[in-house]
>>> print(open('query_33.cif').read())   # mmCIF, C-alpha atoms
data_model
#
loop_
_atom_site.label_atom_id
_atom_site.label_comp_id
_atom_site.auth_asym_id
_atom_site.auth_seq_id
_atom_site.Cartn_x
_atom_site.Cartn_y
_atom_site.Cartn_z
CA ASP A 1 -72.66 8.07 16.77
CA ILE A 2 -73.23 5.35 19.37
CA ASN A 3 -70.00 3.49 18.58
CA GLY A 4 -68.03 6.72 18.76
CA ILE A 5 -69.46 7.48 22.19
CA ALA A 6 -68.58 3.94 23.31
CA LEU A 7 -64.97 4.34 22.17
CA GLU A 8 -64.72 7.72 23.88
CA LYS A 9 -65.95 6.22 27.15
CA ALA A 10 -63.63 3.22 26.74
CA SER A 11 -60.67 5.58 26.54
CA ILE A 12 -60.78 5.78 30.35
CA ILE A 13 -58.82 2.52 30.13
CA ASP A 14 -55.80 4.62 29.12
CA GLY A 15 -55.61 5.78 32.73
CA LEU A 16 -55.34 2.30 34.26
CA VAL A 17 -52.34 1.76 36.52
CA PRO A 18 -50.11 -1.27 35.82
CA ASN A 19 -51.97 -4.48 36.73
CA GLY A 20 -55.24 -2.56 36.81
CA VAL A 21 -58.55 -4.18 35.87
CA ALA A 22 -61.21 -2.89 33.46
CA ILE A 23 -64.79 -3.93 34.33
CA MET A 24 -67.19 -3.72 31.39
CA ASN A 25 -70.87 -4.36 30.64
CA ALA A 26 -71.16 -7.28 28.20
CA ASP A 27 -74.75 -6.50 27.23
CA THR A 28 -74.45 -3.14 25.49
CA PRO A 29 -74.94 -2.80 21.72
CA CYS A 30 -71.33 -1.61 21.52
CA THR A 31 -69.62 -4.49 23.31
CA LYS A 32 -67.75 -5.58 20.18
CA VAL A 33 -66.43 -2.06 19.71
CA ILE A 34 -65.29 -1.84 23.33
CA GLU A 35 -63.55 -5.21 23.06
CA THR A 36 -61.18 -3.76 20.47
CA TYR A 37 -60.04 -1.24 23.08
CA THR A 38 -59.43 -3.76 25.86
CA ASN A 39 -57.06 -6.21 24.18
CA ASP A 40 -54.02 -5.12 26.18
CA VAL A 41 -55.55 -4.98 29.67
CA THR A 42 -57.15 -7.41 32.09
CA THR A 43 -60.88 -7.12 31.44
CA LEU A 44 -63.79 -8.54 33.44
CA TRP A 45 -67.30 -8.64 32.01
CA PHE A 46 -70.68 -8.45 33.74
CA GLY A 47 -74.11 -8.95 32.19
CA ALA A 48 -77.15 -11.18 31.93
CA ALA A 49 -75.00 -14.20 31.09
CA ALA A 50 -71.43 -12.89 31.30
CA ALA A 51 -68.62 -15.15 32.45
CA ASP A 52 -67.35 -13.08 35.39
CA ALA A 53 -70.61 -11.78 36.85
CA SER A 54 -74.19 -12.54 35.81
CA LEU A 55 -77.69 -11.45 36.71
CA SER A 56 -80.78 -13.60 37.28
CA ASP A 57 -84.22 -13.66 38.92
CA VAL A 58 -84.86 -9.93 38.54
CA HIS A 59 -88.23 -8.84 39.94
CA VAL A 60 -89.48 -5.27 40.26
CA LYS A 61 -91.92 -4.85 43.14
CA GLY A 62 -93.25 -1.33 43.51
CA ALA A 63 -90.26 0.92 44.14
CA GLU A 64 -87.91 -2.01 44.81
CA THR A 65 -85.83 -4.28 42.60
CA HIS A 66 -84.94 -7.79 43.77
CA ALA A 67 -82.30 -9.85 41.98
CA VAL A 68 -79.72 -12.60 42.34
CA LEU A 69 -76.16 -11.62 41.46
CA GLN A 70 -73.66 -14.34 40.58
CA VAL A 71 -70.12 -12.99 40.97
CA GLU A 72 -67.12 -15.25 40.46
CA ALA A 73 -68.87 -18.43 41.69
CA ALA A 74 -70.58 -16.76 44.69
CA THR A 75 -74.29 -15.89 44.85
CA TYR A 76 -75.67 -12.67 46.35
CA PRO A 77 -79.43 -12.03 46.68
CA VAL A 78 -79.95 -8.25 46.71
CA MET A 79 -82.70 -5.72 47.19
CA ILE A 80 -82.31 -2.25 45.68
CA SER A 81 -84.57 0.56 46.87
CA SER A 82 -85.36 1.74 43.36
CA ALA A 83 -87.31 0.20 40.50
CA GLY A 84 -85.57 -0.95 37.33
CA ARG A 85 -83.61 -3.86 35.92
CA HIS A 86 -80.85 -1.43 34.92
CA PHE A 87 -80.22 -0.63 38.58
CA ALA A 88 -79.66 -4.34 39.25
CA MET A 89 -77.24 -4.47 36.32
CA ASN A 90 -75.31 -1.49 37.68
CA ALA A 91 -75.19 -3.16 41.09
CA LEU A 92 -73.73 -6.26 39.45
CA GLY A 93 -70.85 -4.27 38.00
CA ALA A 94 -70.27 -2.52 41.31
CA LEU A 95 -70.20 -5.80 43.22
CA LEU A 96 -67.68 -7.23 40.78
CA ALA A 97 -65.47 -4.18 41.36
CA VAL A 98 -65.77 -4.36 45.15
CA GLY A 99 -63.77 -7.58 45.37
CA TYR A 100 -60.89 -6.06 43.44
CA LEU A 101 -60.81 -3.10 45.82
CA GLY A 102 -60.24 -5.40 48.78
CA ALA A 103 -63.70 -4.97 50.31
CA ASP A 104 -66.21 -7.64 51.33
CA ARG A 105 -68.80 -8.38 48.64
CA ARG A 106 -71.33 -9.85 51.07
CA THR A 107 -71.34 -6.65 53.12
CA ALA A 108 -71.61 -4.57 49.96
CA ALA A 109 -74.54 -6.64 48.67
CA THR A 110 -76.44 -6.05 51.91
CA GLY A 111 -75.60 -2.36 51.81
CA LEU A 112 -77.23 -1.94 48.40
CA ALA A 113 -80.61 -1.77 50.15
CA ALA A 114 -79.64 1.63 51.57
CA TRP A 115 -78.72 3.12 48.19
CA ASN A 116 -80.96 5.50 46.26
CA PRO A 117 -80.33 7.21 42.91
CA VAL A 118 -79.63 10.93 43.04
CA ASP A 119 -81.81 13.62 41.50
CA GLY A 120 -81.69 13.50 37.72
CA ARG A 121 -80.41 9.93 37.68
CA GLY A 122 -83.62 8.02 38.32
CA ALA A 123 -84.59 9.48 41.70
CA ARG A 124 -88.19 8.75 42.57
CA HIS A 125 -90.42 11.12 44.53
CA THR A 126 -94.06 11.01 45.56
CA LEU A 127 -95.64 14.45 45.23
CA ASN A 128 -98.90 15.62 46.80
CA ILE A 129 -101.02 16.94 43.92
CA ASN A 130 -104.51 18.24 44.75
CA GLY A 131 -104.82 15.85 47.66
CA GLY A 132 -103.58 12.83 45.72
CA ALA A 133 -100.22 11.29 44.92
CA LEU A 134 -98.10 11.70 41.80
CA ASP A 135 -95.16 9.34 41.20
CA LEU A 136 -92.28 11.42 39.79
CA ILE A 137 -89.33 9.64 38.14
CA ASP A 138 -86.57 12.22 37.76
CA ASP A 139 -84.11 10.91 35.16
CA ALA A 140 -83.57 14.28 33.51
CA TYR A 141 -79.78 14.57 33.76
CA ASN A 142 -78.83 12.61 30.65
CA ALA A 143 -80.25 10.41 27.89
CA ASN A 144 -79.21 8.00 25.16
CA PRO A 145 -81.24 5.23 23.51
CA THR A 146 -80.13 2.57 26.01
CA SER A 147 -80.79 4.61 29.15
CA LEU A 148 -84.07 5.95 27.75
CA ARG A 149 -85.34 2.45 27.03
CA ALA A 150 -84.48 1.42 30.61
CA ALA A 151 -86.30 4.44 32.05
CA MET A 152 -89.33 3.88 29.82
CA GLN A 153 -89.49 0.27 31.03
CA VAL A 154 -89.60 1.52 34.63
CA LEU A 155 -92.47 3.84 33.74
CA ALA A 156 -94.27 1.06 31.86
CA GLU A 157 -94.19 -1.11 34.99
CA ALA A 158 -95.36 1.65 37.35
CA ASP A 159 -98.62 1.19 39.25
CA ALA A 160 -100.51 4.29 38.14
CA SER A 161 -103.79 5.39 36.60
CA ARG A 162 -101.86 7.08 33.78
CA LYS A 163 -98.24 6.80 32.68
CA ILE A 164 -96.88 10.05 31.28
CA ALA A 165 -93.44 10.69 29.76
CA PHE A 166 -91.79 14.05 29.17
CA LEU A 167 -88.89 13.39 26.79
CA GLY A 168 -86.26 15.84 25.59
CA ASP A 169 -83.61 15.55 22.88
CA MET A 170 -80.93 12.87 23.05
CA LYS A 171 -77.76 14.60 21.86
CA GLU A 172 -74.55 13.47 20.12
CA LEU A 173 -76.06 10.50 18.28
CA GLY A 174 -74.53 11.26 14.89
CA GLU A 175 -76.06 11.14 11.42
CA LYS A 176 -78.91 8.82 12.47
CA GLU A 177 -80.02 10.97 15.40
CA HIS A 178 -83.54 11.47 14.04
CA ASP A 179 -83.88 7.72 13.40
CA PHE A 180 -82.92 6.96 17.01
CA HIS A 181 -85.65 9.29 18.23
CA ARG A 182 -88.31 7.87 15.90
CA GLU A 183 -87.49 4.31 16.98
CA VAL A 184 -88.79 5.04 20.49
CA ALA A 185 -92.32 4.77 19.07
CA ASN A 186 -91.70 1.11 18.19
CA TRP A 187 -90.34 -0.08 21.53
CA PRO A 188 -92.59 -2.61 23.33
CA CYS A 189 -92.39 -0.59 26.56
CA THR A 190 -93.77 2.45 24.74
CA ASP A 191 -97.06 0.59 24.22
CA ALA A 192 -97.72 0.82 27.96
CA ILE A 193 -97.22 4.60 28.11
CA ASP A 194 -100.42 6.65 27.90
CA THR A 195 -99.03 9.98 26.74
CA ILE A 196 -95.61 11.19 25.57
CA HIS A 197 -94.84 14.92 25.64
CA THR A 198 -91.70 16.00 23.78
CA VAL A 199 -89.20 18.84 23.92
CA GLY A 200 -86.66 19.90 21.29
CA PRO A 201 -86.10 19.62 17.54
CA LEU A 202 -84.85 16.02 17.68
CA MET A 203 -87.78 14.79 19.75
CA LYS A 204 -90.08 16.39 17.17
CA SER A 205 -89.17 13.37 15.03
CA LEU A 206 -90.71 11.10 17.68
CA HIS A 207 -93.70 13.38 18.21
CA ASP A 208 -94.57 13.20 14.51
CA VAL A 209 -94.71 9.38 14.38
CA LEU A 210 -96.53 8.71 17.65
CA PRO A 211 -100.11 7.38 17.42
CA ASP A 212 -102.73 10.09 17.89
CA GLY A 213 -103.83 8.68 21.24
CA LYS A 214 -100.31 8.70 22.62
CA ARG A 215 -99.05 11.97 21.12
CA GLY A 216 -98.91 14.72 23.71
CA GLN A 217 -97.70 18.31 23.54
CA HIS A 218 -94.50 19.35 21.78
CA TYR A 219 -92.42 22.44 22.51
CA GLU A 220 -89.06 23.51 21.18
CA ASP A 221 -87.68 24.30 24.63
CA SER A 222 -88.15 23.14 28.20
CA ALA A 223 -89.28 26.54 29.48
CA ALA A 224 -92.36 26.39 27.28
CA MET A 225 -93.15 22.86 28.46
CA ALA A 226 -92.61 23.84 32.10
CA ALA A 227 -95.18 26.62 31.71
CA GLN A 228 -97.82 24.07 30.65
CA VAL A 229 -96.98 21.10 32.85
CA ALA A 230 -99.63 21.87 35.49
CA HIS A 231 -102.30 21.22 32.86
CA LEU A 232 -100.76 17.93 31.69
CA VAL A 233 -100.60 15.88 34.92
CA GLN A 234 -102.98 14.89 37.69
CA ALA A 235 -103.11 12.87 40.89
CA GLY A 236 -102.63 9.16 40.23
CA ASP A 237 -100.13 9.68 37.40
CA ALA A 238 -96.65 8.22 37.14
CA VAL A 239 -94.46 10.78 35.36
CA LEU A 240 -91.02 10.24 33.79
CA LEU A 241 -88.69 13.05 32.75
CA LYS A 242 -85.71 12.12 30.57
CA ALA A 243 -83.41 14.15 28.31
CA SER A 244 -79.83 15.10 27.61
CA LEU A 245 -78.56 17.71 30.06
CA SER A 246 -78.38 20.53 27.51
CA THR A 247 -82.14 20.24 26.96
CA ASN A 248 -82.50 21.61 30.51
CA MET A 249 -85.43 19.37 31.40
CA ARG A 250 -84.69 20.35 35.00
CA LYS A 251 -87.07 23.26 34.42
CA VAL A 252 -89.93 20.80 33.91
CA VAL A 253 -88.89 18.81 37.00
CA ASP A 254 -88.89 22.00 39.07
CA ALA A 255 -92.30 23.00 37.72
CA LEU A 256 -93.73 19.63 38.72
CA GLN A 257 -92.26 19.82 42.20
CA GLU A 258 -93.74 23.28 42.66
CA LEU A 259 -97.21 21.77 42.20
CA GLY A 260 -96.95 20.08 45.57
CA HIS A 261 -94.62 19.06 48.35
CA PRO A 262 -93.21 15.50 48.74
CA PRO A 263 -94.69 14.12 51.99
CA MET A 264 -93.75 10.52 51.11
CA ASP A 265 -90.34 11.05 49.49
CA ASN A 266 -88.83 7.60 48.79
CA LYS A 267 -85.34 8.94 49.49
CA GLY A 268 -86.09 8.79 53.19
CA PRO A 269 -85.69 11.38 55.96
#
>>> encode(input="query_33.cif", output="structure tokens")
Amino acid sequence: DINGIALEKASIIDGLVPNGVAIMNADTPCTKVIETYTNDVTTLWFGAAAADASLSDVHVKGAETHAVLQVEAATYPVMISSAGRHFAMNALGALLAVGYLGADRRTAATGLAAWNPVDGRGARHTLNINGGALDLIDDAYNANPTSLRAAMQVLAEADASRKIAFLGDMKELGEKEHDFHREVANWPCTDAIDTIHTVGPLMKSLHDVLPDGKRGQHYEDSAAMAAQVAHLVQAGDAVLLKASLSTNMRKVVDALQELGHPPMDNKGP
């Protein structure tokens, strides 16, 4: 379950050296659970309104995210070369850590403009499809309800003629795993998505509750979806791929990339 995953991740604290510092996100649904694990160590918290580092004035403009980071009484305006509030939140945690590693936060804040997510972790590519452009958001390496909601919000805000999501199973969610998948249909950001294609037995729970106009294709495995993807996208689309690694959604990513070459890859030369 979600709390169990949070505790497992929090166990990294066991490896802290004496006088080490744990830096934690205060805005997760499992913050209270994590707090029980951090009683005996120095803990710093970052989040929308956290005491040690906070986030404000977040604006997504095309493929960029602009935000103001407040870290221990200092203010850092930043630009991140990728779209999504969650990237600004991750940058906030990183900037908080930088100071405790003896580096200069101002230099680090400026350097964020040169950072891009890696493939499978939110990388964004522009593909040439039949003489037009397709906006590919490759977030296929992992998925849980929190990261999926963040990725869906990025897709919802994309400037595209159609917004298409290919979603695979989110694994290790415990007894309520089917409920977590069905809940995606009720998220506000889902309203802005035109079509949702699904892969895997867990995502079948979402497929079954989607409105008719939003329900796309469903296949039990990624290979079957990859074989059909050429018929499901077109120039002008923004396309998100998101799933747990074992779903192997990489096959669908590869099939999309084979449709065209990326002449305007946002990752740079």
>>> residues_near_point(input="query_33.cif", point="(-58.2, -4.3, 35.0)", cutoff="12 Å", atoms="only C-alpha atoms", output="PyMOL selection string")
chain A and resi 12-24+38-45+96-97+100-101
>>> resolve_selection(input="query_33.cif", expression="the PyMOL selection byres ((chain A and resi 69) around 7)", output="PyMOL selection string")
chain A and resi 54-56+67-68+70-71+75-77+92
>>> write_last_selection(input="query_33.cif", atoms="C-alpha atoms", output="PDB file, keeping the file's coordinate frame")
ATOM      1  CA  SER A  54     -74.190 -12.540  35.810  1.00  0.00           C
ATOM      2  CA  LEU A  55     -77.690 -11.450  36.710  1.00  0.00           C
ATOM      3  CA  SER A  56     -80.780 -13.600  37.280  1.00  0.00           C
ATOM      4  CA  ALA A  67     -82.300  -9.850  41.980  1.00  0.00           C
ATOM      5  CA  VAL A  68     -79.720 -12.600  42.340  1.00  0.00           C
ATOM      6  CA  GLN A  70     -73.660 -14.340  40.580  1.00  0.00           C
ATOM      7  CA  VAL A  71     -70.120 -12.990  40.970  1.00  0.00           C
ATOM      8  CA  THR A  75     -74.290 -15.890  44.850  1.00  0.00           C
ATOM      9  CA  TYR A  76     -75.670 -12.670  46.350  1.00  0.00           C
ATOM     10  CA  PRO A  77     -79.430 -12.030  46.680  1.00  0.00           C
ATOM     11  CA  LEU A  92     -73.730  -6.260  39.450  1.00  0.00           C
TER      12      LEU A  92
END
>>> residues_around(input="query_33.cif", residues="stretch 6-11 of chain A", least_positions_apart="5", cutoff="8 Å", atoms="all atoms listed in the file", output="VMD selection string")
chain A and resid 30 33 to 34 37
>>> closest_residue(input="query_33.cif", among="A:Lys204, A:Arg85, A:Lys251, A:His66", to="A:Thr110", atoms="only C-alpha atoms")
A:His66
>>> closest_residue(input="query_33.cif", among="A:Ala255, A:Met79, A:Ala74, A:Ala109", to="A:Ala224", atoms="all atoms listed in the file")
A:Ala255
>>> resolve_selection(input="query_33.cif", expression="the PyMOL selection byres ((chain A and resi 119) around 9)", output="PDB file with C-alpha atoms, keeping the file's coordinate frame")
ATOM      1  CA  PRO A 117     -80.330   7.210  42.910  1.00  0.00           C
ATOM      2  CA  VAL A 118     -79.630  10.930  43.040  1.00  0.00           C
ATOM      3  CA  GLY A 120     -81.690  13.500  37.720  1.00  0.00           C
ATOM      4  CA  ARG A 121     -80.410   9.930  37.680  1.00  0.00           C
ATOM      5  CA  GLY A 122     -83.620   8.020  38.320  1.00  0.00           C
ATOM      6  CA  ALA A 123     -84.590   9.480  41.700  1.00  0.00           C
ATOM      7  CA  ARG A 124     -88.190   8.750  42.570  1.00  0.00           C
ATOM      8  CA  ASP A 138     -86.570  12.220  37.760  1.00  0.00           C
ATOM      9  CA  ASP A 139     -84.110  10.910  35.160  1.00  0.00           C
ATOM     10  CA  ALA A 140     -83.570  14.280  33.510  1.00  0.00           C
ATOM     11  CA  TYR A 141     -79.780  14.570  33.760  1.00  0.00           C
TER      12      TYR A 141
END
>>> residues_near_point(input="query_33.cif", point="(-89.6, 21.4, 17.2)", cutoff="8 Å", atoms="only C-alpha atoms", output="VMD selection string")
chain A and resid 199 to 204 218 to 220
>>> closest_residue(input="query_33.cif", among="A:Asp194, A:Glu35, A:Asp237, A:Asp179", to="A:Leu206", atoms="all atoms listed in the file")
A:Asp179
>>> residues_around(input="query_33.cif", residues="A:Ala133", least_positions_apart="3", cutoff="8 Å", atoms="all atoms listed in the file", output="number ranges by chain")
A: 126-129, 235-237
>>> write_last_selection(input="query_33.cif", atoms="C-alpha atoms", output="PDB file, in the coordinates of the input")
ATOM      1  CA  THR A 126     -94.060  11.010  45.560  1.00  0.00           C
ATOM      2  CA  LEU A 127     -95.640  14.450  45.230  1.00  0.00           C
ATOM      3  CA  ASN A 128     -98.900  15.620  46.800  1.00  0.00           C
ATOM      4  CA  ILE A 129    -101.020  16.940  43.920  1.00  0.00           C
ATOM      5  CA  ALA A 235    -103.110  12.870  40.890  1.00  0.00           C
ATOM      6  CA  GLY A 236    -102.630   9.160  40.230  1.00  0.00           C
ATOM      7  CA  ASP A 237    -100.130   9.680  37.400  1.00  0.00           C
TER       8      ASP A 237
END
